[in-house]
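K.L.:
Structure: work.cif, mmCIF, C-alpha atoms and all ligand atoms; chains and numbers go by the auth columns.
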```cif
data_entry
loop_
_atom_site.group_PDB
_atom_site.id
_atom_site.type_symbol
_atom_site.label_atom_id
_atom_site.label_comp_id
_atom_site.label_asym_id
_atom_site.label_seq_id
_atom_site.Cartn_x
_atom_site.Cartn_y
_atom_site.Cartn_z
_atom_site.B_iso_or_equiv
_atom_site.auth_seq_id
_atom_site.auth_asym_id
ATOM 1 C CA MET A 1 24.877 -8.345 3.371 0.00 1 A
ATOM 2 C CA GLY A 2 22.108 -5.812 2.917 0.00 2 A
ATOM 3 C CA ALA A 3 18.460 -6.044 2.176 0.00 3 A
ATOM 4 C CA ALA A 4 16.719 -5.290 -1.096 0.00 4 A
ATOM 5 C CA LEU A 5 14.216 -2.528 -0.785 0.00 5 A
ATOM 6 C CA SER A 6 11.778 -1.232 -3.287 0.00 6 A
ATOM 7 C CA ILE A 7 9.550 1.720 -2.541 0.00 7 A
ATOM 8 C CA ALA A 8 6.221 1.529 -4.339 0.00 8 A
ATOM 9 C CA ALA A 9 4.479 4.612 -2.980 0.00 9 A
ATOM 10 C CA THR A 10 5.002 7.534 -0.646 0.00 10 A
ATOM 11 C CA TYR A 11 2.941 10.693 -1.098 0.00 11 A
ATOM 12 C CA ARG A 12 -0.390 9.999 -2.778 0.00 12 A
ATOM 13 C CA PRO A 13 -2.787 12.743 -3.858 0.00 13 A
ATOM 14 C CA ILE A 14 -6.433 12.317 -2.759 0.00 14 A
ATOM 15 C CA LYS A 15 -7.463 12.028 -6.433 0.00 15 A
ATOM 16 C CA ARG A 16 -5.211 9.019 -6.876 0.00 16 A
ATOM 17 C CA SER A 17 -6.646 7.406 -3.725 0.00 17 A
ATOM 18 C CA TYR A 18 -10.131 7.876 -5.181 0.00 18 A
ATOM 19 C CA LEU A 19 -9.154 6.171 -8.467 0.00 19 A
ATOM 20 C CA MET A 20 -7.400 3.336 -6.619 0.00 20 A
ATOM 21 C CA HIS A 21 -10.295 2.777 -4.218 0.00 21 A
ATOM 22 C CA TRP A 22 -13.138 2.677 -6.739 0.00 22 A
ATOM 23 C CA SER A 23 -11.375 0.852 -9.574 0.00 23 A
ATOM 24 C CA TRP A 24 -10.291 -1.818 -7.059 0.00 24 A
ATOM 25 C CA ARG A 25 -13.831 -2.111 -5.666 0.00 25 A
ATOM 26 C CA ILE A 26 -15.457 -2.413 -9.113 0.00 26 A
ATOM 27 C CA VAL A 27 -13.061 -5.249 -9.929 0.00 27 A
ATOM 28 C CA ASN A 28 -12.931 -7.032 -6.556 0.00 28 A
ATOM 29 C CA ASP A 29 -16.102 -6.080 -4.648 0.00 29 A
ATOM 30 C CA GLY A 30 -18.516 -6.092 -7.566 0.00 30 A
ATOM 31 C CA VAL A 31 -19.416 -2.450 -6.964 0.00 31 A
ATOM 32 C CA ASP A 32 -21.798 -1.180 -9.650 0.00 32 A
ATOM 33 C CA PRO A 33 -19.841 1.349 -11.771 0.00 33 A
ATOM 34 C CA ALA A 34 -23.027 3.439 -12.021 0.00 34 A
ATOM 35 C CA LYS A 35 -23.067 3.837 -8.221 0.00 35 A
ATOM 36 C CA VAL A 36 -19.540 5.198 -7.755 0.00 36 A
ATOM 37 C CA PRO A 37 -19.927 8.661 -6.238 0.00 37 A
ATOM 38 C CA ALA A 38 -18.728 11.485 -8.464 0.00 38 A
ATOM 39 C CA VAL A 39 -16.153 13.873 -7.030 0.00 39 A
ATOM 40 C CA SER A 40 -15.758 17.378 -8.368 0.00 40 A
ATOM 41 C CA GLY A 41 -12.384 17.927 -9.974 0.00 41 A
ATOM 42 C CA ILE A 42 -12.037 14.292 -11.057 0.00 42 A
ATOM 43 C CA ASP A 43 -13.162 13.837 -14.634 0.00 43 A
ATOM 44 C CA ILE A 44 -13.803 10.116 -15.031 0.00 44 A
ATOM 45 C CA GLU A 45 -16.543 7.981 -16.558 0.00 45 A
ATOM 46 C CA TRP A 46 -16.841 4.732 -14.594 0.00 46 A
ATOM 47 C CA GLU A 47 -19.822 3.622 -16.646 0.00 47 A
ATOM 48 C CA HIS A 48 -19.271 2.259 -20.139 0.00 48 A
ATOM 49 C CA PRO A 49 -21.971 0.982 -22.549 0.00 49 A
ATOM 50 C CA THR A 50 -21.980 -2.475 -20.922 0.00 50 A
ATOM 51 C CA VAL A 51 -21.179 -3.772 -17.444 0.00 51 A
ATOM 52 C CA SER A 52 -18.398 -5.983 -18.826 0.00 52 A
ATOM 53 C CA ALA A 53 -16.853 -2.993 -20.643 0.00 53 A
ATOM 54 C CA SER A 54 -17.000 -1.014 -17.376 0.00 54 A
ATOM 55 C CA VAL A 55 -15.357 -3.836 -15.444 0.00 55 A
ATOM 56 C CA SER A 56 -12.589 -4.324 -18.007 0.00 56 A
ATOM 57 C CA ALA A 57 -11.875 -0.569 -18.007 0.00 57 A
ATOM 58 C CA ALA A 58 -11.646 -0.719 -14.192 0.00 58 A
ATOM 59 C CA LYS A 59 -9.305 -3.717 -14.523 0.00 59 A
ATOM 60 C CA GLU A 60 -7.053 -1.712 -16.811 0.00 60 A
ATOM 61 C CA MET A 61 -6.943 1.064 -14.245 0.00 61 A
ATOM 62 C CA VAL A 62 -6.167 -1.396 -11.425 0.00 62 A
ATOM 63 C CA ARG A 63 -3.265 -2.696 -13.518 0.00 63 A
ATOM 64 C CA ALA A 64 -2.041 0.805 -14.393 0.00 64 A
ATOM 65 C CA LEU A 65 -2.118 1.804 -10.707 0.00 65 A
ATOM 66 C CA SER A 66 -0.147 -1.353 -9.755 0.00 66 A
ATOM 67 C CA ILE A 67 -2.746 -2.568 -7.266 0.00 67 A
ATOM 68 C CA SER A 68 -3.658 -5.886 -8.912 0.00 68 A
ATOM 69 C CA ARG A 69 -2.090 -7.904 -6.115 0.00 69 A
ATOM 70 C CA LEU A 70 -3.661 -5.912 -3.297 0.00 70 A
ATOM 71 C CA ARG A 71 -5.994 -8.062 -1.204 0.00 71 A
ATOM 72 C CA THR A 72 -7.705 -5.260 0.711 0.00 72 A
ATOM 73 C CA LYS A 73 -9.288 -2.189 -0.817 0.00 73 A
ATOM 74 C CA PRO A 74 -7.080 0.908 -0.918 0.00 74 A
ATOM 75 C CA ALA A 75 -8.305 3.536 1.544 0.00 75 A
ATOM 76 C CA LEU A 76 -10.051 6.643 0.244 0.00 76 A
ATOM 77 C CA ARG A 77 -8.092 8.675 2.790 0.00 77 A
ATOM 78 C CA SER A 78 -4.803 7.596 4.317 0.00 78 A
ATOM 79 C CA LEU A 79 -1.567 8.912 5.719 0.00 79 A
ATOM 80 C CA HIS A 80 -0.214 8.670 2.156 0.00 80 A
ATOM 81 C CA ASN A 81 -2.342 11.755 1.377 0.00 81 A
ATOM 82 C CA LEU A 82 -0.311 13.648 4.007 0.00 82 A
ATOM 83 C CA GLY A 83 3.037 12.219 2.956 0.00 83 A
ATOM 84 C CA LEU A 84 3.302 10.301 6.255 0.00 84 A
ATOM 85 C CA ALA A 85 3.220 6.749 4.885 0.00 85 A
ATOM 86 C CA VAL A 86 5.361 4.588 2.623 0.00 86 A
ATOM 87 C CA ASP A 87 4.719 1.264 0.881 0.00 87 A
ATOM 88 C CA MET A 88 7.859 -0.823 0.496 0.00 88 A
ATOM 89 C CA SER A 89 8.677 -4.345 -0.445 0.00 89 A
ATOM 90 C CA ILE A 90 11.686 -5.573 1.541 0.00 90 A
ATOM 91 C CA SER A 91 13.599 -8.838 1.254 0.00 91 A
ATOM 92 C CA TRP A 92 17.009 -10.296 1.994 0.00 92 A
ATOM 93 C CA ARG A 93 18.899 -13.559 2.052 0.00 93 A
ATOM 94 C CA GLY A 94 20.593 -15.088 5.058 0.00 94 A
ATOM 95 C CA ALA A 95 21.077 -12.682 7.950 0.00 95 A
ATOM 96 C CA VAL A 96 21.055 -8.888 7.790 0.00 96 A
ATOM 97 C CA SER A 97 22.582 -6.350 10.201 0.00 97 A
ATOM 98 C CA LEU A 98 20.883 -3.045 10.888 0.00 98 A
ATOM 99 C CA THR A 99 21.659 -0.182 13.232 0.00 99 A
ATOM 100 C CA ASP A 100 18.698 1.072 15.205 0.00 100 A
ATOM 101 C CA ALA A 101 18.117 4.720 16.137 0.00 101 A
ATOM 102 C CA MET A 102 19.966 4.235 19.429 0.00 102 A
ATOM 103 C CA GLY A 103 23.063 3.047 17.564 0.00 103 A
ATOM 104 C CA LYS A 104 22.607 -0.590 18.519 0.00 104 A
ATOM 105 C CA VAL A 105 23.460 -3.108 15.806 0.00 105 A
ATOM 106 C CA VAL A 106 20.714 -5.665 15.408 0.00 106 A
ATOM 107 C CA GLN A 107 21.392 -8.841 13.496 0.00 107 A
ATOM 108 C CA ILE A 108 18.253 -10.327 12.043 0.00 108 A
ATOM 109 C CA LYS A 109 18.442 -14.070 11.568 0.00 109 A
ATOM 110 C CA SER A 110 14.777 -14.879 12.092 0.00 110 A
ATOM 111 C CA GLY A 111 12.109 -15.110 9.433 0.00 111 A
ATOM 112 C CA PRO A 112 10.187 -14.073 7.553 0.00 112 A
ATOM 113 C CA ARG A 113 12.754 -12.214 5.435 0.00 113 A
ATOM 114 C CA THR A 114 10.242 -9.527 4.576 0.00 114 A
ATOM 115 C CA GLY A 115 8.778 -6.328 5.972 0.00 115 A
ATOM 116 C CA MET A 116 6.678 -8.525 8.267 0.00 116 A
ATOM 117 C CA ASN A 117 9.771 -9.569 10.289 0.00 117 A
ATOM 118 C CA ARG A 118 9.248 -8.866 13.986 0.00 118 A
ATOM 119 C CA GLN A 119 12.853 -7.679 14.607 0.00 119 A
ATOM 120 C CA LEU A 120 12.779 -5.427 11.540 0.00 120 A
ATOM 121 C CA ILE A 121 9.507 -3.914 12.763 0.00 121 A
ATOM 122 C CA GLU A 122 11.181 -3.183 16.136 0.00 122 A
ATOM 123 C CA VAL A 123 14.161 -1.478 14.440 0.00 123 A
ATOM 124 C CA GLY A 124 11.769 0.610 12.317 0.00 124 A
ATOM 125 C CA ALA A 125 9.888 1.732 15.427 0.00 125 A
ATOM 126 C CA THR A 126 13.102 3.159 16.939 0.00 126 A
ATOM 127 C CA TYR A 127 13.128 5.560 13.963 0.00 127 A
ATOM 128 C CA GLY A 128 9.407 6.317 14.331 0.00 128 A
ATOM 129 C CA VAL A 129 8.584 4.266 11.219 0.00 129 A
ATOM 130 C CA ARG A 130 5.796 1.918 12.255 0.00 130 A
ATOM 131 C CA LYS A 131 4.491 -1.192 10.533 0.00 131 A
ATOM 132 C CA TYR A 132 0.824 -1.187 9.624 0.00 132 A
ATOM 133 C CA ARG A 133 -1.311 -2.335 12.586 0.00 133 A
ATOM 134 C CA GLY A 134 -4.798 -1.365 11.401 0.00 134 A
ATOM 135 C CA SER A 135 -7.577 -3.672 10.315 0.00 135 A
ATOM 136 C CA GLY A 136 -7.016 -6.136 7.512 0.00 136 A
ATOM 137 C CA ARG A 137 -3.596 -6.790 6.030 0.00 137 A
ATOM 138 C CA ASP A 138 -1.354 -4.248 4.319 0.00 138 A
ATOM 139 C CA VAL A 139 2.014 -5.947 3.958 0.00 139 A
ATOM 140 C CA PRO A 140 4.029 -3.109 2.321 0.00 140 A
ATOM 141 C CA HIS A 141 2.598 -0.262 4.420 0.00 141 A
ATOM 142 C CA TRP A 142 4.565 1.678 7.073 0.00 142 A
ATOM 143 C CA SER A 143 3.817 5.084 8.534 0.00 143 A
ATOM 144 C CA ASN A 144 4.472 7.476 11.399 0.00 144 A
ATOM 145 C CA SER A 145 1.645 5.903 13.449 0.00 145 A
ATOM 146 C CA GLY A 146 1.208 2.399 12.065 0.00 146 A
ATOM 147 C CA LEU A 147 -2.085 3.416 10.466 0.00 147 A
HETATM 148 ZN ZN ZN B . 0.288 2.211 2.119 0.00 201 A
#
```
What do you get writing this file as structure tokens?
P.N.:
Amino acid sequence: MGAALSIAATYRPIKRSYLMHWSWRIVNDGVDPAKVPAVSGIDIEWEHPTVSASVSAAKEMVRALSISRLRTKPALRSLHNLGLAVDMSISWRGAVSLTDAMGKVVQIKSGPRTGMNRQLIEVGATYGVRKYRGSGRDVPHWSNSGL
């Protein structure tokens, strides 16, 4: 039996990272919308007539960018900007068999049955796809370096 895989993000333009980062921080870090640094080439008004209007507009953006469930702020710059990272949600039932880059079949019976599984992380590394190992927690994130 195979695993279910859903890829949420691969390449991410720097402009999108900017929108993700600041909308998330207005909603979750209480950043003042008036203090978000402007970036040339990105035409956005963070500040609305009232603070609550600004926060609800940021909430809408967070929802539209599918980052409502994220518990750490999205990075302003990341390997996504270079096309070297992927965010995936992975799950399976029972045991799953995978072939690593050396051709060895690995049967995964241990938990958790997610992208955080130790054996799965080892199989990924044989292909040069490394689980996130930076600060904080980024469950769906994999990249060429683990950052
Ligand atoms: Zn990511």
K.L.:
Please provide the set of residues having any atom within 8 Å of Thr10 (chain A), restricted to only C-alpha atoms, with same-chain residues fewer than 6 positions apart removed, written as a compact mmCIF listing (two decimals) with C-alpha atoms, in the coordinates of the input.
P.N.:
```txt
# COMPACT_ATOMS: atom_id res chain seq x y z
CA HIS A 80 -0.21 8.67 2.16
CA GLY A 83 3.04 12.22 2.96
CA LEU A 84 3.30 10.30 6.26
CA ALA A 85 3.22 6.75 4.88
CA VAL A 86 5.36 4.59 2.62
CA ASP A 87 4.72 1.26 0.88
```
K.L.:
With all atoms listed in the file as the atoms that count, which of A:Ala75, A:Arg113, A:Arg93, A:Val51 lies nearest to Gly134 (chain A)?
P.N.:
A:Ala75
K.L.:
What are the closest atom pairs, with distances in Å to one decimal, for all residues of chain A lying within 9 Å of ligand ZN 201 (chain A)? Consider all atoms listed in the file, order rows by chain and residue number, and present the result as a Markdown table.
P.N.:
```
| residue | atom | partner | partner_atom | distance |
| --- | --- | --- | --- | --- |
| A:Ala8 | CA | A:ZN201 | ZN | 8.8 |
| A:Ala9 | CA | A:ZN201 | ZN | 7.0 |
| A:Thr10 | CA | A:ZN201 | ZN | 7.6 |
| A:Pro74 | CA | A:ZN201 | ZN | 8.1 |
| A:Ala75 | CA | A:ZN201 | ZN | 8.7 |
| A:Ser78 | CA | A:ZN201 | ZN | 7.7 |
| A:Leu79 | CA | A:ZN201 | ZN | 7.8 |
| A:His80 | CA | A:ZN201 | ZN | 6.5 |
| A:Ala85 | CA | A:ZN201 | ZN | 6.1 |
| A:Val86 | CA | A:ZN201 | ZN | 5.6 |
| A:Asp87 | CA | A:ZN201 | ZN | 4.7 |
| A:Met88 | CA | A:ZN201 | ZN | 8.3 |
| A:Tyr132 | CA | A:ZN201 | ZN | 8.3 |
| A:Asp138 | CA | A:ZN201 | ZN | 7.0 |
| A:Val139 | CA | A:ZN201 | ZN | 8.5 |
| A:Pro140 | CA | A:ZN201 | ZN | 6.5 |
| A:His141 | CA | A:ZN201 | ZN | 4.1 |
| A:Trp142 | CA | A:ZN201 | ZN | 6.6 |
| A:Ser143 | CA | A:ZN201 | ZN | 7.9 |
| A:Leu147 | CA | A:ZN201 | ZN | 8.8 |
```
K.L.:
Mind pulling up the distance from CA of Lys73 (chain A) to CA of Ser135 (chain A)?
P.N.:
11.4 Å
K.L.:
Would you compute an axis-aligned box for region 106-120 of chain A, covering every atom listed for it in the file with 4 Å of margin on each side, and report centre and edge lengths in Å to one decimal as JSON?
P.N.:
```
{"center_x": 14.0, "center_y": -10.3, "center_z": 10.0, "size_x": 22.7, "size_y": 17.7, "size_z": 18.8}
```
K.L.:
Given the file shown, enumerate the residues that the PyMOL selection byres (((chain A and resi 20) around 12) and not hetatm) captures and present them as a PyMOL selection string.
P.N.:
chain A and resi 12-19+21-28+58-68+70+72-77
K.L.:
If you keep C-alpha atoms, can you produce a file of those selected residues as a tab-separated table (two decimals), in the frame of the given file?
P.N.:
```tsv
chain	number	residue	atom	x	y	z
A	12	ARG	CA	-0.39	10.00	-2.78
A	13	PRO	CA	-2.79	12.74	-3.86
A	14	ILE	CA	-6.43	12.32	-2.76
A	15	LYS	CA	-7.46	12.03	-6.43
A	16	ARG	CA	-5.21	9.02	-6.88
A	17	SER	CA	-6.65	7.41	-3.72
A	18	TYR	CA	-10.13	7.88	-5.18
A	19	LEU	CA	-9.15	6.17	-8.47
A	21	HIS	CA	-10.30	2.78	-4.22
A	22	TRP	CA	-13.14	2.68	-6.74
A	23	SER	CA	-11.38	0.85	-9.57
A	24	TRP	CA	-10.29	-1.82	-7.06
A	25	ARG	CA	-13.83	-2.11	-5.67
A	26	ILE	CA	-15.46	-2.41	-9.11
A	27	VAL	CA	-13.06	-5.25	-9.93
A	28	ASN	CA	-12.93	-7.03	-6.56
A	58	ALA	CA	-11.65	-0.72	-14.19
A	59	LYS	CA	-9.30	-3.72	-14.52
A	60	GLU	CA	-7.05	-1.71	-16.81
A	61	MET	CA	-6.94	1.06	-14.24
A	62	VAL	CA	-6.17	-1.40	-11.42
A	63	ARG	CA	-3.26	-2.70	-13.52
A	64	ALA	CA	-2.04	0.80	-14.39
A	65	LEU	CA	-2.12	1.80	-10.71
A	66	SER	CA	-0.15	-1.35	-9.76
A	67	ILE	CA	-2.75	-2.57	-7.27
A	68	SER	CA	-3.66	-5.89	-8.91
A	70	LEU	CA	-3.66	-5.91	-3.30
A	72	THR	CA	-7.70	-5.26	0.71
A	73	LYS	CA	-9.29	-2.19	-0.82
A	74	PRO	CA	-7.08	0.91	-0.92
A	75	ALA	CA	-8.30	3.54	1.54
A	76	LEU	CA	-10.05	6.64	0.24
A	77	ARG	CA	-8.09	8.68	2.79
```
K.L.:
So which one's closest to Ser52 (chain A), A:Gly30, A:Val123, A:Gly94, A:Pro112? Using only C-alpha atoms, please.
P.N.:
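For Ser52 (chain A), the nearest of the given residues is A:Gly30.
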K.L.:
Skipping near chain neighbours, those fewer than 4 positions away, what residues fall within 8 Å of Thr114 (chain A) using all atoms listed in the file, listed as a PyMOL selection string?
P.N.:
chain A and resi 89-92
K.L.:
What does the distance between CA of Ala38 (chain A) and CA of Ser54 (chain A) come to in Å, to one decimal place?
P.N.:
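About the pair CA of Ala38 (chain A) and CA of Ser54 (chain A): they are 15.4 Å apart.
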K.L.:
Could you jot down the CA of Ala125 (chain A) to CA of Ser110 (chain A) separation for me, Å, one decimal place?
P.N.:
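Between these atoms lies a distance of 17.6 Å.
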K.L.:
Contacts of Gln119 (chain A) at 12 Å or less, counting all atoms listed in the file, minus same-chain residues fewer than 2 places along, as a list in words?
P.N.:
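Near neighbours after the sequence-gap exclusion: Ala95, Val96, Ser97, Leu98, Thr99, Asp100, Val105, Val106, Gln107, Ile108, Lys109, Ser110, Gly111, Pro112, Arg113, Thr114, Gly115, Met116, Asn117, Ile121, Glu122, Val123, Gly124, Ala125, Thr126 and Lys131 of chain A.
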K.L.:
Taking N, CA and C atoms as the atom set, what does region 66-89 of chain A look like once completed, written as a PDB file, keeping the file's coordinate frame?
P.N.:
```pdb
ATOM      1  N   SER A  66      -0.953  -0.335 -10.444  1.00  0.00           N
ATOM      2  CA  SER A  66      -0.147  -1.353  -9.755  1.00  0.00           C
ATOM      3  C   SER A  66      -0.778  -1.840  -8.456  1.00  0.00           C
ATOM      4  N   ILE A  67      -2.085  -2.071  -8.481  1.00  0.00           N
ATOM      5  CA  ILE A  67      -2.746  -2.568  -7.266  1.00  0.00           C
ATOM      6  C   ILE A  67      -3.454  -3.901  -7.518  1.00  0.00           C
ATOM      7  N   SER A  68      -3.027  -4.598  -8.584  1.00  0.00           N
ATOM      8  CA  SER A  68      -3.658  -5.886  -8.912  1.00  0.00           C
ATOM      9  C   SER A  68      -3.493  -6.915  -7.807  1.00  0.00           C
ATOM     10  N   ARG A  69      -2.373  -6.874  -7.122  1.00  0.00           N
ATOM     11  CA  ARG A  69      -2.090  -7.904  -6.115  1.00  0.00           C
ATOM     12  C   ARG A  69      -2.610  -7.545  -4.726  1.00  0.00           C
ATOM     13  N   LEU A  70      -3.149  -6.364  -4.595  1.00  0.00           N
ATOM     14  CA  LEU A  70      -3.661  -5.912  -3.297  1.00  0.00           C
ATOM     15  C   LEU A  70      -4.875  -6.746  -2.903  1.00  0.00           C
ATOM     16  N   ARG A  71      -4.885  -7.225  -1.639  1.00  0.00           N
ATOM     17  CA  ARG A  71      -5.994  -8.062  -1.204  1.00  0.00           C
ATOM     18  C   ARG A  71      -7.031  -7.306  -0.392  1.00  0.00           C
ATOM     19  N   THR A  72      -6.706  -6.075   0.015  1.00  0.00           N
ATOM     20  CA  THR A  72      -7.705  -5.260   0.711  1.00  0.00           C
ATOM     21  C   THR A  72      -7.866  -3.959  -0.071  1.00  0.00           C
ATOM     22  N   LYS A  73      -9.037  -3.389  -0.009  1.00  0.00           N
ATOM     23  CA  LYS A  73      -9.288  -2.189  -0.817  1.00  0.00           C
ATOM     24  C   LYS A  73      -8.417  -1.026  -0.346  1.00  0.00           C
ATOM     25  N   PRO A  74      -7.865  -0.274  -1.293  1.00  0.00           N
ATOM     26  CA  PRO A  74      -7.080   0.908  -0.918  1.00  0.00           C
ATOM     27  C   PRO A  74      -7.995   1.937  -0.244  1.00  0.00           C
ATOM     28  N   ALA A  75      -7.499   2.570   0.798  1.00  0.00           N
ATOM     29  CA  ALA A  75      -8.305   3.536   1.544  1.00  0.00           C
ATOM     30  C   ALA A  75      -8.565   4.790   0.711  1.00  0.00           C
ATOM     31  N   LEU A  76      -9.739   5.374   0.914  1.00  0.00           N
ATOM     32  CA  LEU A  76     -10.051   6.643   0.244  1.00  0.00           C
ATOM     33  C   LEU A  76      -9.195   7.768   0.808  1.00  0.00           C
ATOM     34  N   ARG A  77      -8.951   7.693   2.117  1.00  0.00           N
ATOM     35  CA  ARG A  77      -8.092   8.675   2.790  1.00  0.00           C
ATOM     36  C   ARG A  77      -7.075   7.896   3.601  1.00  0.00           C
ATOM     37  N   SER A  78      -5.807   8.289   3.525  1.00  0.00           N
ATOM     38  CA  SER A  78      -4.803   7.596   4.317  1.00  0.00           C
ATOM     39  C   SER A  78      -3.660   8.554   4.608  1.00  0.00           C
ATOM     40  N   LEU A  79      -2.737   8.083   5.402  1.00  0.00           N
ATOM     41  CA  LEU A  79      -1.567   8.912   5.719  1.00  0.00           C
ATOM     42  C   LEU A  79      -0.701   9.168   4.487  1.00  0.00           C
ATOM     43  N   HIS A  80      -0.906   8.376   3.415  1.00  0.00           N
ATOM     44  CA  HIS A  80      -0.214   8.670   2.156  1.00  0.00           C
ATOM     45  C   HIS A  80      -0.596  10.065   1.642  1.00  0.00           C
ATOM     46  N   ASN A  81      -1.867  10.453   1.860  1.00  0.00           N
ATOM     47  CA  ASN A  81      -2.342  11.755   1.377  1.00  0.00           C
ATOM     48  C   ASN A  81      -1.604  12.905   2.069  1.00  0.00           C
ATOM     49  N   LEU A  82      -1.050  12.631   3.246  1.00  0.00           N
ATOM     50  CA  LEU A  82      -0.311  13.648   4.007  1.00  0.00           C
ATOM     51  C   LEU A  82       1.197  13.462   3.888  1.00  0.00           C
ATOM     52  N   GLY A  83       1.608  12.479   3.104  1.00  0.00           N
ATOM     53  CA  GLY A  83       3.037  12.219   2.956  1.00  0.00           C
ATOM     54  C   GLY A  83       3.645  11.569   4.192  1.00  0.00           C
ATOM     55  N   LEU A  84       2.812  10.893   5.005  1.00  0.00           N
ATOM     56  CA  LEU A  84       3.302  10.301   6.255  1.00  0.00           C
ATOM     57  C   LEU A  84       3.351   8.775   6.209  1.00  0.00           C
ATOM     58  N   ALA A  85       3.183   8.212   5.006  1.00  0.00           N
ATOM     59  CA  ALA A  85       3.220   6.749   4.885  1.00  0.00           C
ATOM     60  C   ALA A  85       4.059   6.354   3.681  1.00  0.00           C
ATOM     61  N   VAL A  86       4.566   5.116   3.731  1.00  0.00           N
ATOM     62  CA  VAL A  86       5.361   4.588   2.623  1.00  0.00           C
ATOM     63  C   VAL A  86       5.028   3.108   2.447  1.00  0.00           C
ATOM     64  N   ASP A  87       4.912   2.682   1.194  1.00  0.00           N
ATOM     65  CA  ASP A  87       4.719   1.264   0.881  1.00  0.00           C
ATOM     66  C   ASP A  87       6.032   0.738   0.316  1.00  0.00           C
ATOM     67  N   MET A  88       6.571  -0.287   0.945  1.00  0.00           N
ATOM     68  CA  MET A  88       7.859  -0.823   0.496  1.00  0.00           C
ATOM     69  C   MET A  88       7.789  -2.333   0.459  1.00  0.00           C
ATOM     70  N   SER A  89       8.501  -2.904  -0.498  1.00  0.00           N
ATOM     71  CA  SER A  89       8.677  -4.345  -0.445  1.00  0.00           C
ATOM     72  C   SER A  89      10.131  -4.576  -0.078  1.00  0.00           C
TER      73      SER A  89
END
```
